[in-house]
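File shown: target-v1.cif. Contents: mmCIF, C-alpha atoms and all ligand atoms.
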```cif
data_target
#
loop_
_atom_site.label_atom_id
_atom_site.label_comp_id
_atom_site.auth_asym_id
_atom_site.auth_seq_id
_atom_site.Cartn_x
_atom_site.Cartn_y
_atom_site.Cartn_z
CA MET P 13 -9.72 -25.56 -15.38
CA ASN P 14 -8.35 -29.07 -15.10
CA LEU P 15 -4.95 -28.72 -16.80
CA LYS P 16 -4.58 -32.47 -17.22
CA ASP P 17 -7.69 -32.57 -19.38
CA LEU P 18 -6.21 -30.18 -21.95
CA THR P 19 -4.20 -31.08 -25.04
CA PRO P 20 -0.98 -29.07 -25.57
CA ASP P 21 -2.81 -26.74 -27.99
CA GLU P 22 -5.68 -26.20 -25.57
CA LEU P 23 -3.19 -25.44 -22.80
CA VAL P 24 -1.55 -22.78 -25.00
CA ALA P 25 -4.99 -21.19 -25.52
CA PHE P 26 -5.59 -21.29 -21.75
CA VAL P 27 -2.29 -19.60 -20.79
CA ARG P 28 -2.91 -16.98 -23.50
CA GLU P 29 -6.28 -16.23 -21.88
CA LEU P 30 -4.32 -15.56 -18.71
CA GLY P 31 -2.23 -13.05 -20.67
CA GLU P 32 0.87 -15.28 -20.72
CA PRO P 33 3.06 -16.31 -23.69
CA ALA P 34 2.73 -19.77 -25.28
CA PHE P 35 5.99 -21.13 -23.81
CA ARG P 36 4.34 -21.11 -20.37
CA ALA P 37 2.17 -23.97 -21.61
CA ARG P 38 5.28 -25.98 -22.46
CA GLN P 39 6.70 -25.28 -19.01
CA LEU P 40 3.48 -26.47 -17.41
CA LEU P 41 3.44 -29.62 -19.52
CA ARG P 42 6.99 -30.42 -18.43
CA TRP P 43 6.03 -29.97 -14.79
CA ILE P 44 2.98 -32.19 -15.11
CA TYR P 45 4.23 -35.03 -17.34
CA THR P 46 8.01 -35.06 -16.87
CA ALA P 47 8.50 -33.80 -13.30
CA ARG P 48 5.11 -35.33 -12.28
CA GLU P 49 4.42 -32.22 -10.17
CA THR P 50 0.91 -31.14 -9.16
CA ASP P 51 1.64 -28.26 -6.78
CA PHE P 52 1.86 -24.86 -8.53
CA GLU P 53 4.01 -23.53 -5.65
CA ARG P 54 6.83 -25.89 -6.59
CA MET P 55 6.83 -24.80 -10.24
CA THR P 56 9.68 -22.43 -9.58
CA ASN P 57 10.32 -21.28 -13.14
CA LEU P 58 6.84 -19.71 -13.27
CA SER P 59 6.47 -16.16 -11.94
CA LEU P 60 4.86 -15.69 -8.53
CA LYS P 61 2.03 -13.80 -10.21
CA LEU P 62 1.30 -16.66 -12.62
CA ARG P 63 1.46 -19.25 -9.85
CA SER P 64 -1.08 -17.32 -7.85
CA ARG P 65 -3.41 -16.99 -10.88
CA LEU P 66 -3.09 -20.70 -11.56
CA ARG P 67 -4.02 -21.46 -7.95
CA GLU P 68 -7.19 -19.43 -8.45
CA LYS P 69 -8.14 -20.68 -11.89
CA ALA P 70 -6.69 -24.14 -12.38
CA GLU P 71 -6.10 -27.52 -10.82
CA ILE P 72 -4.00 -30.62 -11.52
CA PRO P 73 -5.96 -33.52 -10.03
CA GLU P 74 -4.67 -37.06 -9.55
CA LEU P 75 -6.31 -40.47 -9.38
CA GLN P 76 -6.12 -41.80 -5.84
CA LEU P 77 -4.67 -45.25 -5.31
CA LYS P 78 -7.12 -47.35 -3.30
CA GLU P 79 -5.48 -50.73 -3.48
CA GLU P 80 -2.40 -52.31 -5.01
CA LEU P 81 -2.08 -56.08 -5.44
CA HIS P 82 1.18 -57.73 -6.43
CA SER P 83 1.17 -61.08 -8.16
CA GLU P 84 3.98 -63.54 -7.79
CA GLN P 85 4.23 -63.44 -11.58
CA GLU P 86 5.40 -59.85 -12.01
CA THR P 87 1.95 -58.40 -12.49
CA THR P 88 0.51 -55.61 -10.36
CA LYS P 89 -3.12 -54.55 -10.23
CA TYR P 90 -4.09 -51.06 -9.16
CA LEU P 91 -7.50 -49.97 -8.03
CA PHE P 92 -7.90 -46.20 -8.46
CA THR P 93 -10.61 -43.99 -6.99
CA LEU P 94 -11.96 -41.24 -9.25
CA PRO P 95 -13.04 -37.81 -7.96
CA ASP P 96 -16.71 -38.91 -7.82
CA GLY P 97 -15.89 -42.02 -5.78
CA GLU P 98 -16.13 -44.54 -8.65
CA VAL P 99 -13.33 -47.09 -8.94
CA ILE P 100 -11.45 -48.43 -11.94
CA GLU P 101 -8.56 -50.81 -12.32
CA SER P 102 -5.31 -50.81 -14.25
CA VAL P 103 -2.66 -53.50 -14.59
CA ARG P 104 1.09 -53.33 -14.93
CA MET P 105 2.82 -56.24 -16.69
CA HIS P 106 6.38 -57.18 -17.58
CA TYR P 107 5.25 -59.38 -20.40
CA LEU P 108 3.07 -58.63 -23.41
CA GLY P 109 3.21 -61.55 -25.79
CA GLU P 110 6.97 -61.20 -25.57
CA ASP P 111 9.37 -59.90 -22.95
CA LEU P 112 9.57 -56.15 -23.19
CA GLY P 113 13.19 -55.98 -22.08
CA PRO P 114 14.81 -54.89 -18.83
CA GLY P 115 13.19 -51.96 -17.08
CA ARG P 116 10.30 -51.78 -19.55
CA VAL P 117 6.73 -52.52 -18.60
CA ALA P 118 3.31 -52.51 -20.21
CA VAL P 119 0.17 -51.16 -18.64
CA CYS P 120 -3.41 -52.10 -19.37
CA ILE P 121 -5.83 -49.24 -18.74
CA SER P 122 -9.57 -48.68 -18.43
CA THR P 123 -11.63 -46.27 -20.52
CA GLN P 124 -15.02 -46.46 -18.82
CA VAL P 125 -16.50 -47.13 -15.40
CA GLY P 126 -18.16 -50.47 -16.13
CA CYS P 127 -19.13 -51.48 -19.64
CA ALA P 128 -22.30 -51.48 -21.72
CA MET P 129 -21.26 -54.35 -23.99
CA ALA P 130 -22.35 -57.10 -21.56
CA CYS P 131 -20.07 -59.85 -22.88
CA ASP P 132 -21.21 -63.00 -21.13
CA PHE P 133 -17.79 -64.17 -19.90
CA CYS P 134 -16.58 -60.82 -18.53
CA ALA P 135 -16.65 -59.41 -15.00
CA SER P 136 -16.82 -55.81 -16.26
CA GLY P 137 -19.92 -56.47 -18.32
CA LYS P 138 -21.85 -57.71 -15.30
CA LEU P 139 -22.82 -54.38 -13.77
CA GLY P 140 -23.37 -52.30 -16.89
CA LEU P 141 -21.93 -48.90 -17.74
CA ARG P 142 -21.73 -46.20 -15.08
CA ARG P 143 -19.97 -43.53 -17.12
CA ASN P 144 -17.22 -42.70 -19.57
CA LEU P 145 -13.81 -41.75 -18.23
CA ALA P 146 -12.62 -38.21 -18.93
CA THR P 147 -9.46 -37.94 -21.02
CA TRP P 148 -7.31 -37.13 -18.00
CA GLU P 149 -8.71 -40.11 -16.05
CA ILE P 150 -7.50 -42.39 -18.85
CA VAL P 151 -4.06 -40.76 -19.16
CA ASP P 152 -3.54 -40.46 -15.42
CA GLN P 153 -3.62 -44.25 -14.97
CA VAL P 154 -0.38 -44.38 -16.97
CA LEU P 155 1.07 -41.35 -15.21
CA GLN P 156 0.31 -42.69 -11.71
CA ILE P 157 1.86 -46.07 -12.54
CA GLN P 158 4.90 -44.35 -14.10
CA LYS P 159 5.31 -42.28 -10.92
CA ARG P 160 5.57 -45.51 -8.95
CA LEU P 161 8.05 -46.94 -11.44
CA ASP P 162 10.29 -43.87 -11.31
CA GLU P 163 11.83 -44.99 -8.03
CA GLN P 164 12.82 -48.34 -9.55
CA GLY P 165 14.22 -46.81 -12.74
CA GLU P 166 11.58 -48.56 -14.87
CA ARG P 167 9.39 -47.05 -17.54
CA VAL P 168 6.08 -47.71 -19.23
CA ALA P 169 6.93 -48.70 -22.80
CA ASN P 170 3.56 -50.10 -23.96
CA VAL P 171 -0.01 -49.16 -23.22
CA VAL P 172 -2.97 -51.37 -24.03
CA PHE P 173 -6.48 -49.93 -23.88
CA MET P 174 -7.94 -53.24 -22.82
CA GLY P 175 -9.07 -52.75 -19.22
CA ILE P 176 -12.59 -51.98 -18.05
CA GLY P 177 -14.88 -50.59 -20.74
CA GLU P 178 -15.14 -50.53 -24.51
CA PRO P 179 -12.58 -47.91 -25.64
CA LEU P 180 -14.40 -47.11 -28.89
CA HIS P 181 -17.67 -46.55 -26.99
CA ASN P 182 -15.82 -43.61 -25.40
CA TYR P 183 -14.27 -42.71 -28.74
CA ARG P 184 -13.53 -39.01 -28.28
CA ASN P 185 -11.80 -39.31 -24.92
CA THR P 186 -9.95 -42.48 -25.87
CA LEU P 187 -8.54 -40.79 -28.94
CA ARG P 188 -7.58 -37.66 -26.99
CA ALA P 189 -5.89 -39.90 -24.42
CA VAL P 190 -4.03 -41.76 -27.20
CA ARG P 191 -2.71 -38.44 -28.51
CA MET P 192 -1.73 -37.22 -25.03
CA ILE P 193 0.05 -40.45 -24.12
CA ASN P 194 1.87 -40.31 -27.48
CA SER P 195 2.70 -36.59 -27.51
CA PRO P 196 6.35 -35.75 -26.78
CA GLU P 197 4.93 -33.04 -24.50
CA GLY P 198 2.80 -35.64 -22.73
CA LEU P 199 4.05 -39.13 -21.90
CA GLY P 200 5.99 -39.60 -25.16
CA ILE P 201 5.14 -43.26 -25.78
CA GLY P 202 5.34 -44.18 -29.49
CA MET P 203 2.03 -44.70 -31.28
CA ARG P 204 3.28 -48.13 -32.40
CA HIS P 205 3.42 -49.15 -28.76
CA LEU P 206 -0.21 -48.27 -28.09
CA THR P 207 -2.97 -50.85 -28.64
CA VAL P 208 -6.67 -50.04 -28.74
CA SER P 209 -8.96 -53.00 -28.25
CA THR P 210 -12.60 -53.25 -29.29
CA SER P 211 -15.42 -55.75 -29.09
CA GLY P 212 -16.42 -54.73 -32.63
CA LEU P 213 -17.98 -51.27 -32.95
CA VAL P 214 -17.73 -51.25 -36.72
CA PRO P 215 -18.45 -47.53 -37.45
CA ARG P 216 -15.87 -46.47 -34.85
CA ILE P 217 -13.25 -48.86 -36.31
CA ARG P 218 -13.84 -47.07 -39.63
CA ASP P 219 -13.47 -43.68 -37.91
CA LEU P 220 -10.22 -44.87 -36.37
CA ALA P 221 -8.99 -46.09 -39.76
CA ALA P 222 -9.70 -42.63 -41.18
CA GLU P 223 -7.39 -41.10 -38.53
CA LYS P 224 -4.54 -43.04 -40.20
CA LEU P 225 -2.61 -43.41 -36.95
CA PRO P 226 -0.06 -46.25 -36.72
CA LEU P 227 -1.94 -47.54 -33.67
CA ARG P 228 -2.27 -51.25 -33.01
CA LEU P 229 -5.83 -52.48 -33.22
CA ALA P 230 -6.98 -55.55 -31.28
CA ILE P 231 -10.35 -57.17 -31.87
CA SER P 232 -12.04 -59.23 -29.17
CA LEU P 233 -13.33 -61.91 -31.51
CA HIS P 234 -14.02 -64.97 -29.33
CA ALA P 235 -16.26 -66.80 -31.83
CA THR P 236 -16.14 -67.82 -35.46
CA ASN P 237 -19.85 -67.70 -36.32
CA ASP P 238 -22.59 -65.15 -35.74
CA ALA P 239 -24.87 -67.47 -33.77
CA LEU P 240 -22.30 -68.14 -31.05
CA ARG P 241 -20.85 -64.63 -31.09
CA GLU P 242 -24.33 -63.16 -30.56
CA LYS P 243 -24.82 -65.43 -27.60
CA ILE P 244 -21.60 -64.52 -25.82
CA MET P 245 -21.15 -60.97 -27.19
CA PRO P 246 -24.40 -59.03 -27.67
CA VAL P 247 -22.55 -56.41 -29.77
CA ASN P 248 -22.61 -58.97 -32.60
CA ARG P 249 -26.41 -58.57 -32.89
CA LYS P 250 -25.76 -55.14 -34.35
CA TRP P 251 -22.52 -55.70 -36.25
CA LYS P 252 -22.04 -59.16 -37.73
CA LEU P 253 -18.73 -60.90 -38.27
CA THR P 254 -18.60 -60.11 -42.00
CA ALA P 255 -18.98 -56.37 -41.35
CA LEU P 256 -16.45 -56.53 -38.53
CA LEU P 257 -13.81 -58.28 -40.61
CA GLU P 258 -14.41 -55.91 -43.50
CA ALA P 259 -13.76 -52.95 -41.17
CA CYS P 260 -10.56 -54.68 -39.96
CA ARG P 261 -9.34 -55.03 -43.55
CA GLU P 262 -10.10 -51.36 -44.08
CA TYR P 263 -8.12 -50.49 -40.95
CA GLN P 264 -5.20 -52.55 -42.16
CA GLU P 265 -5.24 -50.90 -45.57
CA ALA P 266 -5.38 -47.40 -44.07
CA THR P 267 -2.67 -47.90 -41.43
CA GLY P 268 -0.53 -50.78 -42.73
CA ARG P 269 -0.75 -52.36 -39.29
CA ARG P 270 -1.25 -56.01 -38.45
CA VAL P 271 -4.56 -56.59 -36.62
CA THR P 272 -4.59 -58.71 -33.47
CA PHE P 273 -7.53 -61.01 -32.79
CA GLU P 274 -8.07 -61.86 -29.14
CA TYR P 275 -9.79 -65.21 -28.62
CA VAL P 276 -10.78 -66.27 -25.12
CA LEU P 277 -10.99 -70.05 -24.98
CA LEU P 278 -14.11 -71.43 -23.26
CA ASP P 279 -14.18 -75.16 -22.76
CA GLY P 280 -16.57 -76.91 -25.12
CA ILE P 281 -18.00 -73.59 -26.33
CA ASN P 282 -15.56 -72.15 -28.88
CA ASP P 283 -12.37 -74.18 -28.58
CA SER P 284 -12.77 -77.05 -31.08
CA VAL P 285 -10.35 -77.84 -33.89
CA GLU P 286 -13.20 -77.15 -36.37
CA GLU P 287 -13.54 -73.65 -34.96
CA ALA P 288 -9.79 -73.15 -35.29
CA HIS P 289 -10.09 -74.03 -39.01
CA GLU P 290 -13.04 -71.65 -39.35
CA LEU P 291 -10.98 -68.90 -37.72
CA VAL P 292 -8.21 -69.45 -40.23
CA ARG P 293 -10.74 -69.20 -43.06
CA LEU P 294 -12.17 -65.94 -41.68
CA LEU P 295 -8.74 -64.33 -41.39
CA SER P 296 -7.37 -65.51 -44.71
CA GLY P 297 -5.67 -62.80 -46.72
CA MET P 298 -5.33 -60.52 -43.71
CA HIS P 299 -2.06 -59.76 -41.91
CA SER P 300 -3.10 -60.84 -38.45
CA LEU P 301 -2.02 -62.22 -35.11
CA VAL P 302 -4.20 -64.49 -33.01
CA ASN P 303 -3.84 -64.27 -29.26
CA LEU P 304 -5.49 -67.13 -27.39
CA ILE P 305 -6.54 -66.28 -23.85
CA PRO P 306 -7.17 -68.99 -21.27
CA TRP P 307 -10.34 -67.79 -19.53
CA ASN P 308 -10.05 -66.62 -15.92
CA PRO P 309 -13.00 -67.98 -13.93
CA ILE P 310 -15.40 -65.44 -12.47
CA GLU P 311 -17.80 -66.14 -9.62
CA GLY P 312 -21.32 -66.86 -10.82
CA VAL P 313 -20.31 -67.41 -14.47
CA ARG P 314 -20.90 -70.91 -15.79
CA TYR P 315 -18.04 -71.21 -18.31
CA LYS P 316 -15.02 -73.42 -17.83
CA ARG P 317 -11.44 -72.84 -18.86
CA SER P 318 -10.26 -74.86 -21.88
CA ARG P 319 -8.04 -77.82 -21.11
CA PRO P 320 -4.35 -77.41 -22.11
CA ALA P 321 -4.59 -80.15 -24.79
CA ARG P 322 -7.46 -78.30 -26.50
CA VAL P 323 -5.54 -75.02 -26.32
CA ARG P 324 -2.51 -76.65 -27.94
CA ALA P 325 -4.60 -78.31 -30.68
CA PHE P 326 -6.33 -75.01 -31.47
CA GLN P 327 -3.01 -73.15 -31.58
CA GLU P 328 -1.46 -75.77 -33.87
CA VAL P 329 -4.22 -75.43 -36.48
CA VAL P 330 -3.88 -71.64 -36.56
CA GLU P 331 -0.08 -71.74 -36.69
CA GLN P 332 0.01 -74.35 -39.44
CA SER P 333 -1.99 -71.97 -41.62
CA GLY P 334 0.86 -69.46 -41.35
CA ILE P 335 -0.96 -67.09 -38.98
CA LYS P 336 1.09 -66.23 -35.91
CA CYS P 337 -0.71 -67.52 -32.83
CA THR P 338 0.30 -66.87 -29.23
CA VAL P 339 -1.21 -68.06 -25.96
CA ARG P 340 -1.45 -65.33 -23.34
CA GLN P 341 0.81 -66.29 -20.48
CA GLU P 342 -0.61 -66.94 -17.08
CA LYS P 343 0.19 -63.77 -15.19
CA GLY P 344 -1.59 -62.59 -12.13
CA GLY P 345 -4.02 -65.47 -11.74
CA ASP P 346 -3.46 -65.13 -7.99
CA ILE P 347 -4.68 -61.51 -7.89
CA ALA P 348 -8.10 -61.51 -9.58
CA ALA P 349 -6.62 -61.26 -13.05
CA ALA P 350 -9.74 -61.16 -15.22
CA CYS P 351 -10.67 -57.73 -16.47
CA GLY P 352 -12.87 -56.00 -13.89
CA GLN P 353 -12.66 -58.72 -11.28
CA LEU P 354 -10.89 -56.58 -8.70
CA ARG P 355 -13.40 -53.76 -9.14
CA LEU P 356 -16.25 -56.26 -8.86
CA SER P 357 -14.97 -57.63 -5.57
CA ASP P 358 -14.34 -54.09 -4.29
CA LEU P 359 -17.95 -53.15 -5.08
CA LYS P 360 -19.19 -56.27 -3.31
CA ARG P 361 -17.11 -55.38 -0.24
S1 LIG Q 401 -15.00 -58.00 -22.60
FE1 LIG Q 401 -14.53 -55.81 -22.89
S2 LIG Q 401 -16.26 -55.09 -24.17
FE2 LIG Q 401 -16.93 -57.06 -23.31
S3 LIG Q 401 -18.06 -56.50 -21.39
FE3 LIG Q 401 -15.89 -56.91 -20.85
S4 LIG Q 401 -14.91 -54.86 -20.87
FE4 LIG Q 401 -16.84 -54.71 -22.04
#
```
Give the structure from the file, written as structure tokens.
Amino acid sequence: MNLKDLTPDELVAFVRELGEPAFRARQLLRWIYTARETDFERMTNLSLKLRSRLREKAEIPELQLKEELHSEQETTKYLFTLPDGEVIESVRMHYLGEDLGPGRVAVCISTQVGCAMACDFCASGKLGLRRNLATWEIVDQVLQIQKRLDEQGERVANVVFMGIGEPLHNYRNTLRAVRMINSPEGLGIGMRHLTVSTSGLVPRIRDLAAEKLPLRLAISLHATNDALREKIMPVNRKWKLTALLEACREYQEATGRRVTFEYVLLDGINDSVEEAHELVRLLSGMHSLVNLIPWNPIEGVRYKRSRPARVRAFQEVVEQSGIKCTVRQEKGGDIAAACGQLRLSDLKR
């Protein structure tokens, strides 16, 4: 049994099967998530008999760090190897739209190996989906980064599910990971500091709304009309903008949370002032935040990054309408910053 893949309740059931009382599960959780221990022998408040049974029946695996790249701009990228040899990437940042404060960092994590959504401007969409990540493989990205931060007295304060993969395409495990990262017996990070991003899987957004969790929802929007969105994001062929925005309103009503709209700016494609006005019209009446993302070039992809003047003009239109509009800061451009780019170059190597 992989103990990291169990929720606290499932761990209680497991220790009971071993004939042990429920508090043993709490002890194990403290060892795993607070002491970051994986060796049963060092879990000295467990009886020798229990430790030996756990050695026979259970394991506490870890993601293996394959590569770590530091940017000059306080961003670190981690490439992790999974037990089956696949690789995923995670990013640690000191900035997330605003400074997080001293000693606090945000991490961006992956939920799948590859991605089935095939967005035209994205490195992760290029090779398709290999598989979903297990719950523990999602949570362990945060745990492994936290372990490295322990020595510096820093802690992960925000988690964004915005790395490789479409989180809502791996709905069950993403949601289990959200609960484990949030649980006081897990990593104890407040639900309000967790952001799940989606390219627009409308039925799953509705499912998430029904959970009524105070989670932040981010939508990768990137276009203001169906024709363009279908071209750059095939997911829009199935779920059109009207349906997507309706689901966002539903989410907002159910959770009371502001919805963030991510908008990657592609020169001459989606970055005109007219499109900025159209965006404002689409979001009217909704409590939203627009986050403009200067595109990070990817080898073999024909798009160009928007020029700074066009970014500023776009931002001005959105802000003048009263919608808060930020431009994602340039962090990590020197270390293959685009989502999936590090994994892509690792696969090529
Ligand atoms: S942008 Fe997100 S949803 Fe689209 S292909 Fe890339 S990882 Fe998948």
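Taking all atoms listed in the file into account, the residues that come within 6 Å of ligand LIG 401 (chain Q) are Cys127, Met129, Ala130, Cys131, Cys134, Ser136, Gly137, Ile176, Gly177, Glu178 and Ser211 of chain P.
Among the candidate residues P:Arg188, P:Arg160, P:Arg54, P:Lys252, the one lying nearest to Asp21 in chain P is P:Arg188, with distances computed using all atoms listed in the file.
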Selected residue, from P:Leu66, P:Gln158, P:Glu84, P:Ile44, that lies nearest to Val27 in chain P when counting only C-alpha atoms = P:Leu66
ask   = Counting only C-alpha atoms, what is within 9 Å of Arg67 in chain P, bar same-chain residues fewer than 5 positions away, as a list in words?
value = Asp51, Phe52, Glu53 and Leu62 of chain P
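CA of Val330 in chain P is positioned 28.3 Å from CA of Leu225 in chain P.
Using all atoms listed in the file, the shortest contact distance between Leu18 in chain P and any of P:Trp148, P:Trp307, P:Trp251, P:Phe326 is found at P:Trp148.
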message = One number please: CA of Thr210 in chain P to CA of Leu229 in chain P, in Å, one decimal.
response = 7.9 Å
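Atom to atom, CA of Val125 in chain P and CA of Arg143 in chain P stand 5.3 Å apart.
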